[in-house]
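**Q** Got a structure for you, written out below as structure tokens; questions coming shortly.
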Amino acid sequence: MAGWILGAVAAAWFVVYLGPDLWFHHLQWGAFQGSPAVPRVALTFDDGPGPDTLGIAETLEQYGVRATFFVVAEEALKRPAVVKRLAEAGHEIGLHMSRHVSSYTLAPWQSYRLIGHGLRTLEQLTGQRPVYFRPPWGHVNLGTWWAVRRYGLVPVFWSIAPDDWRSDRTAEAICRYVVQLAQPGAVIVLHDAGGSRERTRLALPAMIQGLRALGLEPGRVSELATDRSFFRRVWTWWEIRFTRSRDIQSIPNRAGGEPFLRIGIARYHGPRVTLNDGTTIQPGDRFGEIHFGNPALSRFSERPGGSLKALHQVVTALSDLADWLSDHEEFRDIRAVGGITLLDAAHTIEKLGFQRVRVRGWLKWSMWIYLIVLLAVYHSDGWKNVKRFRRLEPVLILMSRDAFVRRYQGRKQPSHTRTP
């Protein structure tokens, strides 16, 4: 009997708390997801209004940025003038619950009631009912989701969270975290209350400038296009974590717009190889691992002659990369630069100065699967590309760091390769 009761309690707990949180919060099924098709990101702020909210808003406005503020209703009642000021300045007001409390600690009907009360409070203050909703800490239960459905709200979670609320986070660290991981369609969560948010305010100028240097315009959630692909959502979640774990940096595009290349430091695991300039690379050596800026390159798959235009952009981006390598001390001791590709363009690779190295064993097949999935996610033809590329094999292309810098540093794009 006791076992049956425990089983029933566990099942009820899963249905009311764990299941909804896994489904709606972590998988974000039914939640808003920004599309990589538009080069914009959303800046969002939680927990306010607070003492630093106006300073944050004024800093944003100095740079021509309007953001989305997820407001706690009971805090809004303490500072109604601040909420009205945000709305009048063009910032977007979303709901962050009536009280800042986790849905894990609430019964479903309590969550439902707090959301309804928060909506009515903010509507009275601003004259408009919020459309977007983010629960505190992202926690949901069955009542939370029922309220979302009942009131027609759009749940918004996040893809980039620099934890600006932590006392050990400097303004520089907050900025670097956001800029490093930013990609089109990203939703960035920051905080304007719940403690001193001076570091967050100080991070904003360099953050906005850094995002714009990458061709990404920060703004409100409503300014992002919506991505309906659940598969791409999962892929984006994984790619952001991969970027952070490998400390991959985006290379600003000299011509403006989104980055075409990114680079991180990796250990070489292939066979011992001597490159064209005599540099020897052996297992364990550090090299600069090049990655494509996939959202930017994907746009070329939608245009006639897109492959050729993309190649021209990559050639220019190699020059940007060479200049960038010379300016960053942490990349001075790498032995080579390169990466794994499925490109069936041997002559092109050789003309670019890279040397091809065969990939074998588990690395070959794991990278083949990875690159095929990558094409399916970012190419306009999606999974139709599998037939096109299934006969291609991954190949590692390498060039010594010194040879790469000599070849591409300061190089200007030839006039015949310029693209609109």
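In the structure tokens, the first chain shown is A, the next is B, and so on; residue numbers restart at 1 for each chain, and ligands run from 1 in the order shown.
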So that I can see what lies close to A:Thr68, please list as a PyMOL selection string the residues with an atom at most 6 Å from it, counting only C-alpha atoms and leaving out residues fewer than 4 positions away in the same chain.

**A** chain A and resi 44+91-93+220

**Q** Could you take the residues named above and write them with N, CA and C atoms, as a JSON list (two decimals), in the first residue's frame?

**A**
```json
[["chain", "number", "residue", "atom", "x", "y", "z"],
["A", 44, "THR", "N", 16.90, 41.45, -22.94],
["A", 44, "THR", "CA", 15.80, 41.38, -21.99],
["A", 44, "THR", "C", 16.32, 41.56, -20.57],
["A", 91, "HIS", "N", 10.26, 50.98, -24.72],
["A", 91, "HIS", "CA", 10.68, 49.66, -24.26],
["A", 91, "HIS", "C", 9.45, 48.76, -24.13],
["A", 92, "GLU", "N", 9.69, 47.49, -24.24],
["A", 92, "GLU", "CA", 8.60, 46.51, -24.21],
["A", 92, "GLU", "C", 8.43, 46.01, -22.77],
["A", 93, "ILE", "N", 7.19, 45.95, -22.30],
["A", 93, "ILE", "CA", 6.91, 45.49, -20.95],
["A", 93, "ILE", "C", 6.35, 44.08, -21.00],
["A", 220, "ARG", "N", 14.19, 44.66, -29.03],
["A", 220, "ARG", "CA", 13.12, 44.02, -28.28],
["A", 220, "ARG", "C", 12.82, 42.63, -28.82]]
```

**Q** Would you pick out the contacts of A:Arg356 at 9 Å or less, using only C-alpha atoms, so that residues sharing its chain but fewer than 2 positions from it are not included, and give the list as a PDB file with N, CA and C atoms, in the first residue's frame?

**A**
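Contents of out01.pdb, freshly written:
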```pdb
ATOM      1  N   ALA A 346      39.120  20.564 -53.975  1.00  0.00           N
ATOM      2  CA  ALA A 346      40.545  20.357 -53.734  1.00  0.00           C
ATOM      3  C   ALA A 346      41.390  21.481 -54.314  1.00  0.00           C
ATOM      4  N   ILE A 349      41.012  24.694 -52.307  1.00  0.00           N
ATOM      5  CA  ILE A 349      41.727  24.608 -51.027  1.00  0.00           C
ATOM      6  C   ILE A 349      43.213  24.851 -51.231  1.00  0.00           C
ATOM      7  N   GLU A 350      43.756  24.236 -52.269  1.00  0.00           N
ATOM      8  CA  GLU A 350      45.182  24.402 -52.544  1.00  0.00           C
ATOM      9  C   GLU A 350      45.506  25.846 -52.935  1.00  0.00           C
ATOM     10  N   PHE A 354      45.970  26.109 -48.219  1.00  0.00           N
ATOM     11  CA  PHE A 354      45.812  25.057 -47.208  1.00  0.00           C
ATOM     12  C   PHE A 354      46.272  23.706 -47.752  1.00  0.00           C
ATOM     13  N   ARG A 358      44.042  13.629 -44.575  1.00  0.00           N
ATOM     14  CA  ARG A 358      42.934  12.682 -44.491  1.00  0.00           C
ATOM     15  C   ARG A 358      42.499  12.455 -43.051  1.00  0.00           C
ATOM     16  N   VAL A 395      37.477  16.230 -44.657  1.00  0.00           N
ATOM     17  CA  VAL A 395      38.899  16.413 -44.892  1.00  0.00           C
ATOM     18  C   VAL A 395      39.377  17.529 -43.962  1.00  0.00           C
ATOM     19  N   LEU A 396      40.542  17.338 -43.361  1.00  0.00           N
ATOM     20  CA  LEU A 396      41.133  18.363 -42.509  1.00  0.00           C
ATOM     21  C   LEU A 396      42.047  19.230 -43.365  1.00  0.00           C
ATOM     22  N   ILE A 397      41.842  20.532 -43.306  1.00  0.00           N
ATOM     23  CA  ILE A 397      42.712  21.450 -44.040  1.00  0.00           C
ATOM     24  C   ILE A 397      43.535  22.237 -43.034  1.00  0.00           C
ATOM     25  N   LEU A 398      44.848  22.384 -43.315  1.00  0.00           N
ATOM     26  CA  LEU A 398      45.773  23.020 -42.383  1.00  0.00           C
ATOM     27  C   LEU A 398      46.732  23.954 -43.108  1.00  0.00           C
TER      28      LEU A 398
END
```

**Q** If we count only C-alpha atoms and set the cut-off at 12 Å, which residues sit around A:Glu172, ignoring sequence neighbours fewer than 5 positions away in its own chain? Please answer as a JSON list (two decimals) with N, CA and C atoms, in the first residue's frame.

**A**
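Result file out.json:
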```json
[["chain", "number", "residue", "atom", "x", "y", "z"],
["A", 162, "PRO", "N", 24.45, 35.48, -19.10],
["A", 162, "PRO", "CA", 25.79, 35.73, -18.54],
["A", 162, "PRO", "C", 25.84, 35.78, -17.02],
["A", 164, "ASP", "N", 24.66, 37.90, -14.85],
["A", 164, "ASP", "CA", 25.10, 39.22, -14.39],
["A", 164, "ASP", "C", 24.71, 39.51, -12.95],
["A", 177, "TYR", "N", 31.03, 37.58, -22.40],
["A", 177, "TYR", "CA", 30.19, 36.37, -22.46],
["A", 177, "TYR", "C", 29.10, 36.54, -23.52],
["A", 178, "VAL", "N", 28.41, 37.68, -23.48],
["A", 178, "VAL", "CA", 27.31, 37.91, -24.41],
["A", 178, "VAL", "C", 27.80, 38.00, -25.85],
["A", 179, "VAL", "N", 28.83, 38.80, -26.08],
["A", 179, "VAL", "CA", 29.32, 39.01, -27.45],
["A", 179, "VAL", "C", 29.89, 37.72, -28.03],
["A", 180, "GLN", "N", 30.56, 36.93, -27.20],
["A", 180, "GLN", "CA", 31.14, 35.68, -27.69],
["A", 180, "GLN", "C", 30.07, 34.71, -28.18],
["A", 199, "ARG", "N", 27.01, 46.93, -12.48],
["A", 199, "ARG", "CA", 27.89, 46.23, -13.41],
["A", 199, "ARG", "C", 27.18, 45.94, -14.73],
["A", 200, "THR", "N", 25.92, 45.62, -14.64],
["A", 200, "THR", "CA", 25.15, 45.38, -15.86],
["A", 200, "THR", "C", 25.06, 46.65, -16.69],
["A", 201, "ARG", "N", 24.78, 47.76, -16.03],
["A", 201, "ARG", "CA", 24.69, 49.03, -16.76],
["A", 201, "ARG", "C", 26.02, 49.38, -17.41],
["A", 202, "LEU", "N", 27.11, 49.17, -16.67],
["A", 202, "LEU", "CA", 28.44, 49.50, -17.21],
["A", 202, "LEU", "C", 28.82, 48.58, -18.37],
["A", 203, "ALA", "N", 28.26, 47.38, -18.41],
["A", 203, "ALA", "CA", 28.59, 46.44, -19.49],
["A", 203, "ALA", "C", 27.88, 46.79, -20.80],
["A", 204, "LEU", "N", 26.80, 47.54, -20.72],
["A", 204, "LEU", "CA", 25.95, 47.74, -21.89],
["A", 204, "LEU", "C", 26.63, 48.47, -23.06],
["A", 205, "PRO", "N", 27.36, 49.58, -22.85],
["A", 205, "PRO", "CA", 27.96, 50.26, -24.01],
["A", 205, "PRO", "C", 28.86, 49.36, -24.85],
["A", 206, "ALA", "N", 29.81, 48.67, -24.19],
["A", 206, "ALA", "CA", 30.71, 47.79, -24.94],
["A", 206, "ALA", "C", 29.95, 46.60, -25.52],
["A", 207, "MET", "N", 28.93, 46.12, -24.82],
["A", 207, "MET", "CA", 28.12, 45.01, -25.32],
["A", 207, "MET", "C", 27.39, 45.40, -26.60],
["A", 210, "GLY", "N", 29.90, 45.82, -29.34],
["A", 210, "GLY", "CA", 30.41, 44.51, -29.76],
["A", 210, "GLY", "C", 29.41, 43.75, -30.61]]
```

**Q** Running DSSP on the backbone, which parts of stretch 122-239 of chain A land in strand (DSSP E), as a list in words?

**A** Tyr132, Phe133, Val154, Pro155, Val187, Ile188, Val189, Leu190, His191, Glu217, Pro218 and Gly219 of chain A

**Q** Any chance you could export the current selection's C-alpha atoms as a PDB file, in the first residue's frame?

**A**
```pdb
ATOM      1  CA  TYR A 132       5.323  38.236 -23.353  1.00  0.00           C
ATOM      2  CA  PHE A 133       5.816  36.283 -20.127  1.00  0.00           C
ATOM      3  CA  VAL A 154       3.945  34.125 -25.368  1.00  0.00           C
ATOM      4  CA  PRO A 155       6.474  32.480 -23.012  1.00  0.00           C
ATOM      5  CA  VAL A 187      17.542  36.098 -26.538  1.00  0.00           C
ATOM      6  CA  ILE A 188      19.878  37.555 -23.905  1.00  0.00           C
ATOM      7  CA  VAL A 189      18.744  37.637 -20.271  1.00  0.00           C
ATOM      8  CA  LEU A 190      20.098  40.375 -18.005  1.00  0.00           C
ATOM      9  CA  HIS A 191      18.761  41.870 -14.760  1.00  0.00           C
ATOM     10  CA  GLU A 217      21.349  44.755 -33.883  1.00  0.00           C
ATOM     11  CA  PRO A 218      20.100  44.508 -30.277  1.00  0.00           C
ATOM     12  CA  GLY A 219      16.467  45.285 -29.558  1.00  0.00           C
TER      13      GLY A 219
END
```

**Q** If you run DSSP over the backbone, which residues in stretch 192-287 of chain A end up alpha helix (DSSP H)? Put them as a PyMOL selection string.

**A** chain A and resi 198-213+230-246

**Q** Restricting the output to N, CA and C atoms, write the selected residues as a compact mmCIF listing (two decimals), in the first residue's frame.

**A**
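File selection-v8.txt, as written:
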```
# COMPACT_ATOMS: atom_id res chain seq x y z
N GLU A 198 24.72 47.86 -11.17
CA GLU A 198 25.63 48.82 -11.77
C GLU A 198 26.56 48.15 -12.78
N ARG A 199 27.01 46.93 -12.48
CA ARG A 199 27.89 46.23 -13.41
C ARG A 199 27.18 45.94 -14.73
N THR A 200 25.92 45.62 -14.64
CA THR A 200 25.15 45.38 -15.86
C THR A 200 25.06 46.65 -16.69
N ARG A 201 24.78 47.76 -16.03
CA ARG A 201 24.69 49.03 -16.76
C ARG A 201 26.02 49.38 -17.41
N LEU A 202 27.11 49.17 -16.67
CA LEU A 202 28.44 49.50 -17.21
C LEU A 202 28.82 48.58 -18.37
N ALA A 203 28.26 47.38 -18.41
CA ALA A 203 28.59 46.44 -19.49
C ALA A 203 27.88 46.79 -20.80
N LEU A 204 26.80 47.54 -20.72
CA LEU A 204 25.95 47.74 -21.89
C LEU A 204 26.63 48.47 -23.06
N PRO A 205 27.36 49.58 -22.85
CA PRO A 205 27.96 50.26 -24.01
C PRO A 205 28.86 49.36 -24.85
N ALA A 206 29.81 48.67 -24.19
CA ALA A 206 30.71 47.79 -24.94
C ALA A 206 29.95 46.60 -25.52
N MET A 207 28.93 46.12 -24.82
CA MET A 207 28.12 45.01 -25.32
C MET A 207 27.39 45.40 -26.60
N ILE A 208 26.75 46.56 -26.59
CA ILE A 208 26.02 47.02 -27.78
C ILE A 208 26.97 47.23 -28.94
N GLN A 209 28.11 47.86 -28.68
CA GLN A 209 29.09 48.09 -29.74
C GLN A 209 29.66 46.77 -30.26
N GLY A 210 29.90 45.82 -29.34
CA GLY A 210 30.41 44.51 -29.76
C GLY A 210 29.41 43.75 -30.61
N LEU A 211 28.14 43.80 -30.24
CA LEU A 211 27.11 43.13 -31.03
C LEU A 211 27.00 43.76 -32.41
N ARG A 212 27.04 45.07 -32.46
CA ARG A 212 26.94 45.75 -33.76
C ARG A 212 28.16 45.49 -34.62
N ALA A 213 29.34 45.33 -34.00
CA ALA A 213 30.53 44.98 -34.77
C ALA A 213 30.39 43.62 -35.43
N PHE A 230 11.78 23.23 -34.34
CA PHE A 230 12.19 22.70 -33.04
C PHE A 230 13.60 22.10 -33.13
N PHE A 231 13.91 21.48 -34.27
CA PHE A 231 15.23 20.87 -34.44
C PHE A 231 16.32 21.94 -34.39
N ARG A 232 16.07 23.07 -35.06
CA ARG A 232 17.07 24.14 -35.04
C ARG A 232 17.20 24.73 -33.64
N ARG A 233 16.10 24.74 -32.87
CA ARG A 233 16.14 25.22 -31.50
C ARG A 233 17.08 24.37 -30.66
N VAL A 234 16.96 23.06 -30.79
CA VAL A 234 17.83 22.15 -30.05
C VAL A 234 19.28 22.33 -30.49
N TRP A 235 19.47 22.47 -31.80
CA TRP A 235 20.82 22.65 -32.32
C TRP A 235 21.43 23.94 -31.78
N THR A 236 20.67 25.03 -31.75
CA THR A 236 21.17 26.30 -31.23
C THR A 236 21.57 26.18 -29.78
N TRP A 237 20.75 25.47 -28.99
CA TRP A 237 21.06 25.24 -27.57
C TRP A 237 22.42 24.55 -27.45
N TRP A 238 22.64 23.52 -28.26
CA TRP A 238 23.90 22.79 -28.20
C TRP A 238 25.06 23.66 -28.71
N GLU A 239 24.85 24.41 -29.77
CA GLU A 239 25.94 25.18 -30.38
C GLU A 239 26.44 26.28 -29.45
N ILE A 240 25.53 26.91 -28.71
CA ILE A 240 25.95 27.94 -27.75
C ILE A 240 26.83 27.33 -26.67
N ARG A 241 26.47 26.17 -26.19
CA ARG A 241 27.28 25.52 -25.16
C ARG A 241 28.61 25.03 -25.72
N PHE A 242 28.62 24.58 -26.97
CA PHE A 242 29.87 24.18 -27.62
C PHE A 242 30.80 25.38 -27.77
N THR A 243 30.24 26.51 -28.19
CA THR A 243 31.03 27.73 -28.36
C THR A 243 31.67 28.15 -27.04
N ARG A 244 30.89 28.07 -25.97
CA ARG A 244 31.41 28.48 -24.66
C ARG A 244 32.48 27.51 -24.16
N SER A 245 32.24 26.21 -24.31
CA SER A 245 33.19 25.22 -23.80
C SER A 245 34.51 25.27 -24.55
N ARG A 246 34.47 25.59 -25.84
CA ARG A 246 35.70 25.67 -26.66
C ARG A 246 36.28 27.08 -26.70
```

**Q** So, with only C-alpha atoms as the atoms that count, which of A:Arg286, A:His269, A:His139, A:His100 lies closest to A:His25?

**A**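 Closest residue, counting only C-alpha atoms: A:His139.
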
**Q** Considering only C-alpha atoms, state which residue in the set A:Tyr268, A:Trp158, A:Phe24, A:Tyr408 is at the smallest distance from A:Phe45.

**A**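 Smallest separation from A:Phe45 among the options: A:Trp158.
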
**Q** Would you kindly return, as a list in words, each protein, DNA or RNA residue with an atom no farther than 9 Å from any atom of A:Gly353, considering only C-alpha atoms and excluding same-chain residues fewer than 5 positions away?

**A**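 Counting only C-alpha atoms, the residues come to Asn276, Thr348, Leu398, Met399, Ala403, Phe404 and Arg407 of chain A.
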
**Q** Go ahead and dump the residues you just picked, C-alpha atoms, as a short mmCIF file (atom, residue, chain, number, x, y, z; two decimals), in the first residue's frame.

**A**
```cif
data_model
loop_
_atom_site.label_atom_id
_atom_site.label_comp_id
_atom_site.auth_asym_id
_atom_site.auth_seq_id
_atom_site.Cartn_x
_atom_site.Cartn_y
_atom_site.Cartn_z
CA ASN A 276 54.24 23.15 -47.09
CA THR A 348 40.27 25.77 -54.34
CA LEU A 398 45.77 23.02 -42.38
CA MET A 399 48.22 25.86 -42.87
CA ALA A 403 52.36 31.07 -43.35
CA PHE A 404 48.72 32.02 -42.89
CA ARG A 407 49.67 35.23 -46.81
#
```

**Q** Of the residues A:Gly50, A:Pro108, A:Gly338, A:Gly90, which is the one nearest to A:Pro20, using only C-alpha atoms?

**A**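 Of A:Gly50, A:Pro108, A:Gly338, A:Gly90, the one nearest A:Pro20, counting only C-alpha atoms, is A:Pro108.
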
**Q** So how many Å separate atom CA of A:Ile263 and atom CA of A:Leu224, to one decimal?

**A**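 Computing the Euclidean distance for atom CA of A:Ile263 and atom CA of A:Leu224 yields 26.6 Å.
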
**Q** Any idea what the distance is between atom CA of A:Arg166 and atom CA of A:Leu43?

**A** 18.3 Å
